[in-house]
Amino acid sequence: MSIQSANTHIPDRSRESLVLIGGGGHALVVEEAARALHLHLAGFLDDSHASRLSNQPEAIHHLGNLAHLEIIAGRRWVLALGSLTLRARLLDTLETLGTLDAALSLIHPSAFVSPSAEIGAGVYIAPGAIVQSHAIIQDHAIINTGAIVEHECVVGFNAHIAPGAILAGRARIDPNTLVGVGARVLPQVSVGAGCVIGAGAVVTRGVPDGLTVVGMPARTVVG
Ligand code: JB2
């Protein structure tokens with residue numbers, strides 16, 4: 001994993017040419033973050049020729065479908081779709097193509113990221129999000145709109161902290177886990193890999209890998 005300190009993350013990116021992988025709802029917000037950072041957008045990849053991104057007033061180029069990831073060779077890229085299983089599949093292919101090093105992290109200018117936080121490659125941090133002291137955000141994680149990641153939390157590879165979710169101090173979210181809209185994870189609580197934390201859930205104790213939990217306090221969904 002290529003972790004770097006957040007305060008090394010304010011380069012002159014105006015000459016970088018970025019490909020968005022995805023063209024739906026998540027791509028709409030990632031595109032706006034890229035524009036806010038004055039990045040040059042080379043285009044996007046999506047299976048649909050009529051994706052939401054194509055219907056924008058200042059539409060960017062549709063470069064091809066998701067099966068043609070080799071198109072991004074020589075360019076920077078960021079995953080711009082939300083499905084964690086699809087993202088994981090695409091990341092496997094991108095690794096095979098040897099392009100993982102070209103992943104770019106986008107931190108929206110209105111997010112607060114502590115200078116002591118560590119931000120991996122290909123991370124997206126949305127408007128109004130807060131990442132506090134010594135938090136670690138691993139590669140390709142999403143910290144979505146207004147989410148709060150408190151001090152010393154760890155957010156794993158390709159995990160998604162959905163809009164308005166809160167991770168209290170020293171909470172840990174393992175890879176490929178979704179923390180749903182408005183959910184809360186209490187201090188020092190760990191959530192395993194591949195879990196789904198339902199919207200609004202309050203997670204008061206550890207969650208093993210692969211479980212779905214809902215409610216307050218959060219309980220496992222059976223069946
Ligand atoms: O197998 C697939 C697939 N193959 C191509 N599953 C899914 N879900 N999408 C696939 N696609 C392409 O990804 C579609 O052509 C489509 O353009 C795009 C998904 O767009 P959509 O707007 O449905 O979802 P999204 O991934 O951009 O956004 C989701 O995740 C965000 C984090 C939504 O749930 C958003 O509401 C959410 N904010």
# chains A, B, ... in the order shown; residues from 1 in each chain; ligands from 1
>>> closest_atom_pairs(of="region 40-85 of chain A", to="region 93-112 of chain A", cutoff="7 Å", atoms="only C-alpha atoms", output="Markdown table")
| residue | atom | partner | partner_atom | distance |
| --- | --- | --- | --- | --- |
| A:Arg75 | CA | A:Ala102 | CA | 6.8 |
| A:Arg76 | CA | A:Ala102 | CA | 4.8 |
| A:Trp77 | CA | A:Ala103 | CA | 5.0 |
| A:Val78 | CA | A:Ala103 | CA | 5.7 |
>>> write_last_selection(atoms="N, CA and C atoms", output="PDB file, in the first residue's frame")
ATOM      1  N   ARG A  75      -2.126   6.971 -17.890  1.00  0.00           N
ATOM      2  CA  ARG A  75      -2.906   8.053 -17.289  1.00  0.00           C
ATOM      3  C   ARG A  75      -3.150   7.763 -15.816  1.00  0.00           C
ATOM      4  N   ARG A  76      -3.477   8.802 -15.063  1.00  0.00           N
ATOM      5  CA  ARG A  76      -3.926   8.631 -13.693  1.00  0.00           C
ATOM      6  C   ARG A  76      -5.397   8.223 -13.709  1.00  0.00           C
ATOM      7  N   TRP A  77      -5.861   7.538 -12.702  1.00  0.00           N
ATOM      8  CA  TRP A  77      -7.255   7.094 -12.663  1.00  0.00           C
ATOM      9  C   TRP A  77      -7.754   7.063 -11.226  1.00  0.00           C
ATOM     10  N   VAL A  78      -9.069   7.036 -11.099  1.00  0.00           N
ATOM     11  CA  VAL A  78      -9.705   6.841  -9.802  1.00  0.00           C
ATOM     12  C   VAL A  78     -10.986   6.052 -10.034  1.00  0.00           C
TER      13      VAL A  78
END
>>> residues_around(residues="Thr212 (chain A)", least_positions_apart="3", cutoff="9 Å", atoms="only C-alpha atoms", output="PDB file with N, CA, C and O atoms, in the first residue's frame")
ATOM      1  N   GLY A 194     -15.464  -7.253   4.518  1.00  0.00           N
ATOM      2  CA  GLY A 194     -16.627  -7.687   3.747  1.00  0.00           C
ATOM      3  C   GLY A 194     -17.937  -7.597   4.503  1.00  0.00           C
ATOM      4  O   GLY A 194     -18.889  -8.320   4.207  1.00  0.00           O
ATOM      5  N   CYS A 195     -18.028  -6.711   5.475  1.00  0.00           N
ATOM      6  CA  CYS A 195     -19.280  -6.542   6.242  1.00  0.00           C
ATOM      7  C   CYS A 195     -20.142  -5.438   5.630  1.00  0.00           C
ATOM      8  O   CYS A 195     -19.656  -4.594   4.870  1.00  0.00           O
ATOM      9  N   VAL A 196     -21.412  -5.468   5.994  1.00  0.00           N
ATOM     10  CA  VAL A 196     -22.317  -4.357   5.681  1.00  0.00           C
ATOM     11  C   VAL A 196     -22.918  -3.882   6.996  1.00  0.00           C
ATOM     12  O   VAL A 196     -23.525  -4.678   7.731  1.00  0.00           O
ATOM     13  N   ILE A 197     -22.715  -2.600   7.288  1.00  0.00           N
ATOM     14  CA  ILE A 197     -23.330  -1.977   8.471  1.00  0.00           C
ATOM     15  C   ILE A 197     -24.518  -1.183   7.952  1.00  0.00           C
ATOM     16  O   ILE A 197     -24.357  -0.241   7.165  1.00  0.00           O
ATOM     17  N   GLY A 198     -25.712  -1.578   8.342  1.00  0.00           N
ATOM     18  CA  GLY A 198     -26.918  -0.964   7.807  1.00  0.00           C
ATOM     19  C   GLY A 198     -27.022   0.514   8.135  1.00  0.00           C
ATOM     20  O   GLY A 198     -26.448   0.983   9.138  1.00  0.00           O
ATOM     21  N   VAL A 207     -17.508  -6.736  15.086  1.00  0.00           N
ATOM     22  CA  VAL A 207     -18.296  -7.492  14.098  1.00  0.00           C
ATOM     23  C   VAL A 207     -17.331  -8.387  13.324  1.00  0.00           C
ATOM     24  O   VAL A 207     -16.379  -7.887  12.713  1.00  0.00           O
ATOM     25  N   ARG A 219     -27.291  -5.546  15.438  1.00  0.00           N
ATOM     26  CA  ARG A 219     -27.339  -6.997  15.594  1.00  0.00           C
ATOM     27  C   ARG A 219     -27.237  -7.651  14.213  1.00  0.00           C
ATOM     28  O   ARG A 219     -27.661  -7.073  13.213  1.00  0.00           O
ATOM     29  N   THR A 220     -26.743  -8.874  14.209  1.00  0.00           N
ATOM     30  CA  THR A 220     -26.534  -9.584  12.947  1.00  0.00           C
ATOM     31  C   THR A 220     -27.871  -9.900  12.290  1.00  0.00           C
ATOM     32  O   THR A 220     -28.823 -10.312  12.955  1.00  0.00           O
ATOM     33  N   VAL A 221     -27.905  -9.721  10.978  1.00  0.00           N
ATOM     34  CA  VAL A 221     -29.074 -10.137  10.203  1.00  0.00           C
ATOM     35  C   VAL A 221     -28.921 -11.628   9.932  1.00  0.00           C
ATOM     36  O   VAL A 221     -27.912 -12.065   9.380  1.00  0.00           O
ATOM     37  N   VAL A 222     -29.912 -12.418  10.318  1.00  0.00           N
ATOM     38  CA  VAL A 222     -29.825 -13.868  10.127  1.00  0.00           C
ATOM     39  C   VAL A 222     -30.571 -14.237   8.850  1.00  0.00           C
ATOM     40  O   VAL A 222     -31.663 -13.737   8.588  1.00  0.00           O
TER      41      VAL A 222
END
>>> closest_residue(among="A:Ile166, A:Ile136, A:Val203, A:Leu81", to="ligand 1", atoms="only C-alpha atoms and all ligand atoms")
A:Leu81
>>> closest_atom_pairs(of="chain A", to="ligand 1", cutoff="10 Å", atoms="only C-alpha atoms and all ligand atoms", output="CSV")
residue,atom,partner,partner_atom_place_in_ligand_line,distance
A:Ile21,CA,ligand 1,13 (O),8.5
A:Gly22,CA,ligand 1,13 (O),5.2
A:Gly23,CA,ligand 1,17 (O),4.6
A:Gly24,CA,ligand 1,20 (O),3.4
A:Gly25,CA,ligand 1,22 (O),3.7
A:His26,CA,ligand 1,27 (O),3.7
A:Ala27,CA,ligand 1,27 (O),5.4
A:Leu28,CA,ligand 1,27 (O),7.6
A:Val29,CA,ligand 1,38 (N),8.4
A:Val30,CA,ligand 1,27 (O),9.5
A:Leu45,CA,ligand 1,17 (O),8.8
A:Asp46,CA,ligand 1,15 (O),5.3
A:Asp47,CA,ligand 1,15 (O),4.5
A:Ser48,CA,ligand 1,15 (O),4.6
A:His49,CA,ligand 1,15 (O),8.2
A:Ala50,CA,ligand 1,17 (O),8.1
A:Ser51,CA,ligand 1,17 (O),5.1
A:Arg52,CA,ligand 1,17 (O),6.9
A:Leu53,CA,ligand 1,17 (O),8.2
A:Ser54,CA,ligand 1,17 (O),9.7
A:Asn65,CA,ligand 1,5 (C),8.2
A:Leu66,CA,ligand 1,5 (C),6.8
A:Ala67,CA,ligand 1,5 (C),9.2
A:Leu79,CA,ligand 1,26 (O),9.5
A:Ala80,CA,ligand 1,27 (O),6.5
A:Leu81,CA,ligand 1,26 (O),3.5
A:Gly82,CA,ligand 1,30 (O),3.3
A:Ser83,CA,ligand 1,26 (O),5.2
A:Leu84,CA,ligand 1,30 (O),8.6
A:Thr85,CA,ligand 1,6 (N),8.3
A:Leu86,CA,ligand 1,1 (O),6.0
A:Arg87,CA,ligand 1,26 (O),9.0
A:Arg89,CA,ligand 1,1 (O),9.7
A:Ile142,CA,ligand 1,32 (C),8.0
A:Ile143,CA,ligand 1,32 (C),9.7
A:Asn144,CA,ligand 1,32 (C),7.6
A:Thr145,CA,ligand 1,38 (N),8.9
A:His160,CA,ligand 1,32 (C),7.8
A:Ile161,CA,ligand 1,32 (C),9.2
A:Ala162,CA,ligand 1,32 (C),7.1
A:Pro163,CA,ligand 1,38 (N),7.9
A:Leu178,CA,ligand 1,32 (C),9.8
A:Val181,CA,ligand 1,38 (N),9.5
>>> write_last_selection(atoms="C-alpha atoms", output="mmCIF file, in the first residue's frame")
data_model
loop_
_atom_site.group_PDB
_atom_site.id
_atom_site.type_symbol
_atom_site.label_atom_id
_atom_site.label_comp_id
_atom_site.auth_asym_id
_atom_site.auth_seq_id
_atom_site.Cartn_x
_atom_site.Cartn_y
_atom_site.Cartn_z
ATOM 1 C CA ILE A 21 -13.680 4.501 -13.904
ATOM 2 C CA GLY A 22 -17.478 4.580 -13.784
ATOM 3 C CA GLY A 23 -20.092 6.931 -15.151
ATOM 4 C CA GLY A 24 -23.076 6.740 -12.780
ATOM 5 C CA GLY A 25 -24.110 8.560 -9.611
ATOM 6 C CA HIS A 26 -20.823 8.221 -7.784
ATOM 7 C CA ALA A 27 -18.986 9.435 -10.876
ATOM 8 C CA LEU A 28 -21.030 12.655 -10.789
ATOM 9 C CA VAL A 29 -19.606 13.590 -7.399
ATOM 10 C CA VAL A 30 -16.084 12.371 -8.129
ATOM 11 C CA LEU A 45 -15.113 4.387 -18.680
ATOM 12 C CA ASP A 46 -18.569 2.901 -18.308
ATOM 13 C CA ASP A 47 -20.596 0.098 -19.851
ATOM 14 C CA SER A 48 -23.478 2.403 -20.647
ATOM 15 C CA HIS A 49 -23.344 4.935 -23.467
ATOM 16 C CA ALA A 50 -26.156 6.836 -21.772
ATOM 17 C CA SER A 51 -24.664 7.061 -18.295
ATOM 18 C CA ARG A 52 -25.417 9.931 -15.951
ATOM 19 C CA LEU A 53 -21.987 11.436 -16.638
ATOM 20 C CA SER A 54 -22.727 11.551 -20.391
ATOM 21 C CA ASN A 65 -16.471 0.239 -21.363
ATOM 22 C CA LEU A 66 -15.259 -1.272 -18.112
ATOM 23 C CA ALA A 67 -13.862 -4.338 -19.868
ATOM 24 C CA LEU A 79 -12.556 4.395 -9.237
ATOM 25 C CA ALA A 80 -15.791 6.358 -9.589
ATOM 26 C CA LEU A 81 -18.461 3.757 -8.917
ATOM 27 C CA GLY A 82 -19.842 2.576 -5.621
ATOM 28 C CA SER A 83 -20.422 -1.180 -5.738
ATOM 29 C CA LEU A 84 -17.697 -2.659 -3.522
ATOM 30 C CA THR A 85 -17.795 -6.016 -5.287
ATOM 31 C CA LEU A 86 -17.441 -4.399 -8.711
ATOM 32 C CA ARG A 87 -14.660 -2.148 -7.395
ATOM 33 C CA ARG A 89 -13.115 -6.966 -9.331
ATOM 34 C CA ILE A 142 -14.307 6.161 0.100
ATOM 35 C CA ILE A 143 -14.971 8.699 2.856
ATOM 36 C CA ASN A 144 -18.262 10.017 1.577
ATOM 37 C CA THR A 145 -20.128 13.277 2.049
ATOM 38 C CA HIS A 160 -16.786 2.784 2.073
ATOM 39 C CA ILE A 161 -17.848 5.137 4.852
ATOM 40 C CA ALA A 162 -21.177 6.363 3.498
ATOM 41 C CA PRO A 163 -22.609 9.885 3.823
ATOM 42 C CA LEU A 178 -19.635 -0.722 3.798
ATOM 43 C CA VAL A 181 -25.539 6.114 5.618
#
>>> atom_distance(atom1="CA of Val131 (chain A)", atom2="CA of Asp209 (chain A)")
24.2 Å
>>> closest_residue(among="A:Gly122, A:Pro208, A:Gly156, A:Gly128", to="Leu18 (chain A)", atoms="only C-alpha atoms")
A:Gly122
>>> select_by_dssp(residues="region 55-154 of chain A", states="strand (DSSP E)", output="list in words")
His62, Leu63, Gly64, Arg76, Trp77, Val78, Leu79, Leu106, Ile107, Phe112, Val113, Glu118, Ile119, Tyr124, Ile125, Ile130, Val131, Ile136, Ile137, Ile142, Ile143, Ile148, Val149 and Val154 of chain A
>>> closest_residue(among="A:Asp174, A:Asp139, A:Asp92, A:Glu150", to="Leu69 (chain A)", atoms="only C-alpha atoms")
A:Asp92
>>> atom_distance(atom1="CA of Val123 (chain A)", atom2="CA of Val191 (chain A)")
19.5 Å
>>> select_by_dssp(residues="chain A", states="alpha helix (DSSP H)", output="PyMOL selection string")
chain A and resi 25-36+84-96
>>> write_last_selection(atoms="N, CA, C and O atoms", output="compact mmCIF listing (two decimals), in the first residue's frame")
# COMPACT_ATOMS: atom_id res chain seq x y z
N GLY A 25 -23.90 7.56 -10.66
CA GLY A 25 -24.11 8.56 -9.61
C GLY A 25 -22.83 8.91 -8.87
O GLY A 25 -22.56 10.10 -8.61
N HIS A 26 -22.06 7.92 -8.53
CA HIS A 26 -20.82 8.22 -7.78
C HIS A 26 -19.86 9.01 -8.67
O HIS A 26 -19.15 9.91 -8.18
N ALA A 27 -19.86 8.70 -9.95
CA ALA A 27 -18.99 9.44 -10.88
C ALA A 27 -19.34 10.92 -10.93
O ALA A 27 -18.46 11.77 -11.11
N LEU A 28 -20.64 11.23 -10.76
CA LEU A 28 -21.03 12.65 -10.79
C LEU A 28 -20.31 13.43 -9.70
O LEU A 28 -19.79 14.54 -9.93
N VAL A 29 -20.24 12.84 -8.50
CA VAL A 29 -19.61 13.59 -7.40
C VAL A 29 -18.09 13.56 -7.50
O VAL A 29 -17.41 14.54 -7.19
N VAL A 30 -17.55 12.44 -7.97
CA VAL A 30 -16.08 12.37 -8.13
C VAL A 30 -15.63 13.36 -9.21
O VAL A 30 -14.61 14.03 -9.07
N GLU A 31 -16.43 13.46 -10.27
CA GLU A 31 -16.07 14.41 -11.33
C GLU A 31 -16.03 15.84 -10.79
O GLU A 31 -15.10 16.61 -11.08
N GLU A 32 -17.02 16.20 -9.98
CA GLU A 32 -17.03 17.58 -9.45
C GLU A 32 -15.84 17.82 -8.53
O GLU A 32 -15.28 18.93 -8.51
N ALA A 33 -15.46 16.80 -7.77
CA ALA A 33 -14.26 16.95 -6.92
C ALA A 33 -13.03 17.16 -7.79
O ALA A 33 -12.18 18.01 -7.49
N ALA A 34 -12.94 16.41 -8.87
CA ALA A 34 -11.78 16.55 -9.77
C ALA A 34 -11.74 17.96 -10.36
O ALA A 34 -10.68 18.58 -10.46
N ARG A 35 -12.91 18.47 -10.74
CA ARG A 35 -12.95 19.84 -11.30
C ARG A 35 -12.56 20.86 -10.22
O ARG A 35 -11.84 21.82 -10.50
N ALA A 36 -13.04 20.63 -8.99
CA ALA A 36 -12.70 21.57 -7.90
C ALA A 36 -11.20 21.58 -7.65
O ALA A 36 -10.65 22.58 -7.17
N LEU A 84 -18.99 -2.19 -4.04
CA LEU A 84 -17.70 -2.66 -3.52
C LEU A 84 -17.26 -3.94 -4.21
O LEU A 84 -16.05 -4.16 -4.41
N THR A 85 -18.19 -4.78 -4.60
CA THR A 85 -17.80 -6.02 -5.29
C THR A 85 -17.27 -5.70 -6.69
O THR A 85 -16.26 -6.26 -7.12
N LEU A 86 -17.94 -4.79 -7.38
CA LEU A 86 -17.44 -4.40 -8.71
C LEU A 86 -16.09 -3.70 -8.59
O LEU A 86 -15.17 -3.96 -9.38
N ARG A 87 -15.95 -2.83 -7.60
CA ARG A 87 -14.66 -2.15 -7.39
C ARG A 87 -13.54 -3.16 -7.14
O ARG A 87 -12.46 -3.06 -7.70
N ALA A 88 -13.84 -4.18 -6.30
CA ALA A 88 -12.81 -5.18 -5.98
C ALA A 88 -12.41 -5.93 -7.25
O ALA A 88 -11.22 -6.20 -7.49
N ARG A 89 -13.40 -6.24 -8.08
CA ARG A 89 -13.11 -6.97 -9.33
C ARG A 89 -12.25 -6.10 -10.26
O ARG A 89 -11.26 -6.55 -10.83
N LEU A 90 -12.61 -4.84 -10.38
CA LEU A 90 -11.85 -3.94 -11.25
C LEU A 90 -10.43 -3.75 -10.71
O LEU A 90 -9.46 -3.70 -11.48
N LEU A 91 -10.29 -3.69 -9.39
CA LEU A 91 -8.95 -3.51 -8.80
C LEU A 91 -8.06 -4.72 -9.08
O LEU A 91 -6.87 -4.58 -9.32
N ASP A 92 -8.66 -5.92 -9.08
CA ASP A 92 -7.89 -7.12 -9.44
C ASP A 92 -7.34 -6.98 -10.86
O ASP A 92 -6.18 -7.28 -11.14
N THR A 93 -8.21 -6.53 -11.77
CA THR A 93 -7.78 -6.37 -13.17
C THR A 93 -6.73 -5.28 -13.30
O THR A 93 -5.73 -5.45 -14.01
N LEU A 94 -6.92 -4.19 -12.59
CA LEU A 94 -5.96 -3.09 -12.66
C LEU A 94 -4.60 -3.52 -12.12
O LEU A 94 -3.56 -3.12 -12.63
N GLU A 95 -4.62 -4.39 -11.12
CA GLU A 95 -3.36 -4.92 -10.58
C GLU A 95 -2.68 -5.79 -11.64
O GLU A 95 -1.48 -5.69 -11.88
N THR A 96 -3.47 -6.63 -12.30
CA THR A 96 -2.93 -7.50 -13.36
C THR A 96 -2.31 -6.66 -14.47
O THR A 96 -1.28 -7.03 -15.05
>>> decode(residues="region 139-175 of chain A", atoms="N, CA and C atoms", output="short mmCIF file (atom, residue, chain, number, x, y, z; two decimals), in the first residue's frame")
data_model
loop_
_atom_site.label_atom_id
_atom_site.label_comp_id
_atom_site.auth_asym_id
_atom_site.auth_seq_id
_atom_site.Cartn_x
_atom_site.Cartn_y
_atom_site.Cartn_z
N ASP A 139 -5.80 2.29 0.74
CA ASP A 139 -6.02 2.50 -0.70
C ASP A 139 -7.48 2.26 -1.12
N HIS A 140 -7.96 3.13 -1.99
CA HIS A 140 -9.25 2.99 -2.68
C HIS A 140 -10.47 3.06 -1.74
N ALA A 141 -10.25 3.50 -0.50
CA ALA A 141 -11.40 3.71 0.39
C ALA A 141 -12.17 4.96 -0.03
N ILE A 142 -13.45 4.99 0.32
CA ILE A 142 -14.31 6.16 0.10
C ILE A 142 -14.72 6.71 1.46
N ILE A 143 -14.43 7.99 1.68
CA ILE A 143 -14.97 8.70 2.86
C ILE A 143 -15.99 9.67 2.28
N ASN A 144 -17.24 9.31 2.36
CA ASN A 144 -18.26 10.02 1.58
C ASN A 144 -18.75 11.29 2.28
N THR A 145 -19.71 11.93 1.65
CA THR A 145 -20.13 13.28 2.05
C THR A 145 -20.42 13.40 3.55
N GLY A 146 -19.71 14.31 4.20
CA GLY A 146 -19.99 14.61 5.60
C GLY A 146 -19.67 13.49 6.58
N ALA A 147 -19.00 12.45 6.16
CA ALA A 147 -18.64 11.38 7.09
C ALA A 147 -17.53 11.87 8.02
N ILE A 148 -17.49 11.29 9.23
CA ILE A 148 -16.47 11.67 10.22
C ILE A 148 -15.66 10.44 10.58
N VAL A 149 -14.37 10.56 10.42
CA VAL A 149 -13.44 9.49 10.80
C VAL A 149 -12.57 10.09 11.90
N GLU A 150 -12.80 9.66 13.11
CA GLU A 150 -12.13 10.28 14.26
C GLU A 150 -10.69 9.79 14.42
N HIS A 151 -10.04 10.32 15.44
CA HIS A 151 -8.60 10.09 15.64
C HIS A 151 -8.24 8.60 15.71
N GLU A 152 -7.17 8.28 15.01
CA GLU A 152 -6.54 6.95 15.06
C GLU A 152 -7.43 5.82 14.52
N CYS A 153 -8.48 6.18 13.80
CA CYS A 153 -9.26 5.13 13.13
C CYS A 153 -8.44 4.54 11.98
N VAL A 154 -8.79 3.32 11.59
CA VAL A 154 -8.22 2.72 10.38
C VAL A 154 -9.39 2.34 9.48
N VAL A 155 -9.36 2.84 8.25
CA VAL A 155 -10.37 2.49 7.25
C VAL A 155 -9.66 1.67 6.18
N GLY A 156 -10.10 0.43 6.00
CA GLY A 156 -9.38 -0.53 5.18
C GLY A 156 -9.52 -0.33 3.68
N PHE A 157 -8.71 -1.05 2.95
CA PHE A 157 -8.69 -1.08 1.48
C PHE A 157 -10.11 -1.24 0.94
N ASN A 158 -10.50 -0.35 0.05
CA ASN A 158 -11.79 -0.44 -0.64
C ASN A 158 -12.98 -0.49 0.31
N ALA A 159 -12.83 0.07 1.50
CA ALA A 159 -14.00 0.22 2.39
C ALA A 159 -14.72 1.51 2.03
N HIS A 160 -15.98 1.60 2.40
CA HIS A 160 -16.79 2.78 2.07
C HIS A 160 -17.49 3.27 3.34
N ILE A 161 -17.15 4.49 3.73
CA ILE A 161 -17.85 5.14 4.85
C ILE A 161 -18.86 6.07 4.20
N ALA A 162 -20.12 5.69 4.27
CA ALA A 162 -21.18 6.36 3.50
C ALA A 162 -21.51 7.74 4.10
N PRO A 163 -22.32 8.53 3.36
CA PRO A 163 -22.61 9.88 3.82
C PRO A 163 -23.13 9.92 5.26
N GLY A 164 -22.53 10.84 6.04
CA GLY A 164 -23.00 11.07 7.40
C GLY A 164 -22.65 10.01 8.41
N ALA A 165 -21.92 8.99 8.02
CA ALA A 165 -21.53 7.95 9.00
C ALA A 165 -20.42 8.50 9.90
N ILE A 166 -20.33 7.94 11.09
CA ILE A 166 -19.33 8.41 12.07
C ILE A 166 -18.57 7.22 12.62
N LEU A 167 -17.24 7.32 12.55
CA LEU A 167 -16.38 6.35 13.22
C LEU A 167 -15.75 7.06 14.41
N ALA A 168 -16.05 6.62 15.62
CA ALA A 168 -15.46 7.26 16.80
C ALA A 168 -14.01 6.81 16.95
N GLY A 169 -13.30 7.49 17.86
CA GLY A 169 -11.85 7.33 17.99
C GLY A 169 -11.41 5.88 18.07
N ARG A 170 -10.37 5.55 17.29
CA ARG A 170 -9.71 4.24 17.27
C ARG A 170 -10.61 3.11 16.78
N ALA A 171 -11.70 3.44 16.13
CA ALA A 171 -12.49 2.38 15.49
C ALA A 171 -11.70 1.86 14.29
N ARG A 172 -12.01 0.63 13.89
CA ARG A 172 -11.29 0.02 12.78
C ARG A 172 -12.30 -0.63 11.83
N ILE A 173 -12.16 -0.32 10.55
CA ILE A 173 -13.04 -0.90 9.53
C ILE A 173 -12.15 -1.65 8.56
N ASP A 174 -12.35 -2.95 8.44
CA ASP A 174 -11.48 -3.76 7.59
C ASP A 174 -11.89 -3.65 6.11
N PRO A 175 -11.06 -4.21 5.21
CA PRO A 175 -11.28 -4.02 3.77
C PRO A 175 -12.67 -4.46 3.28
#
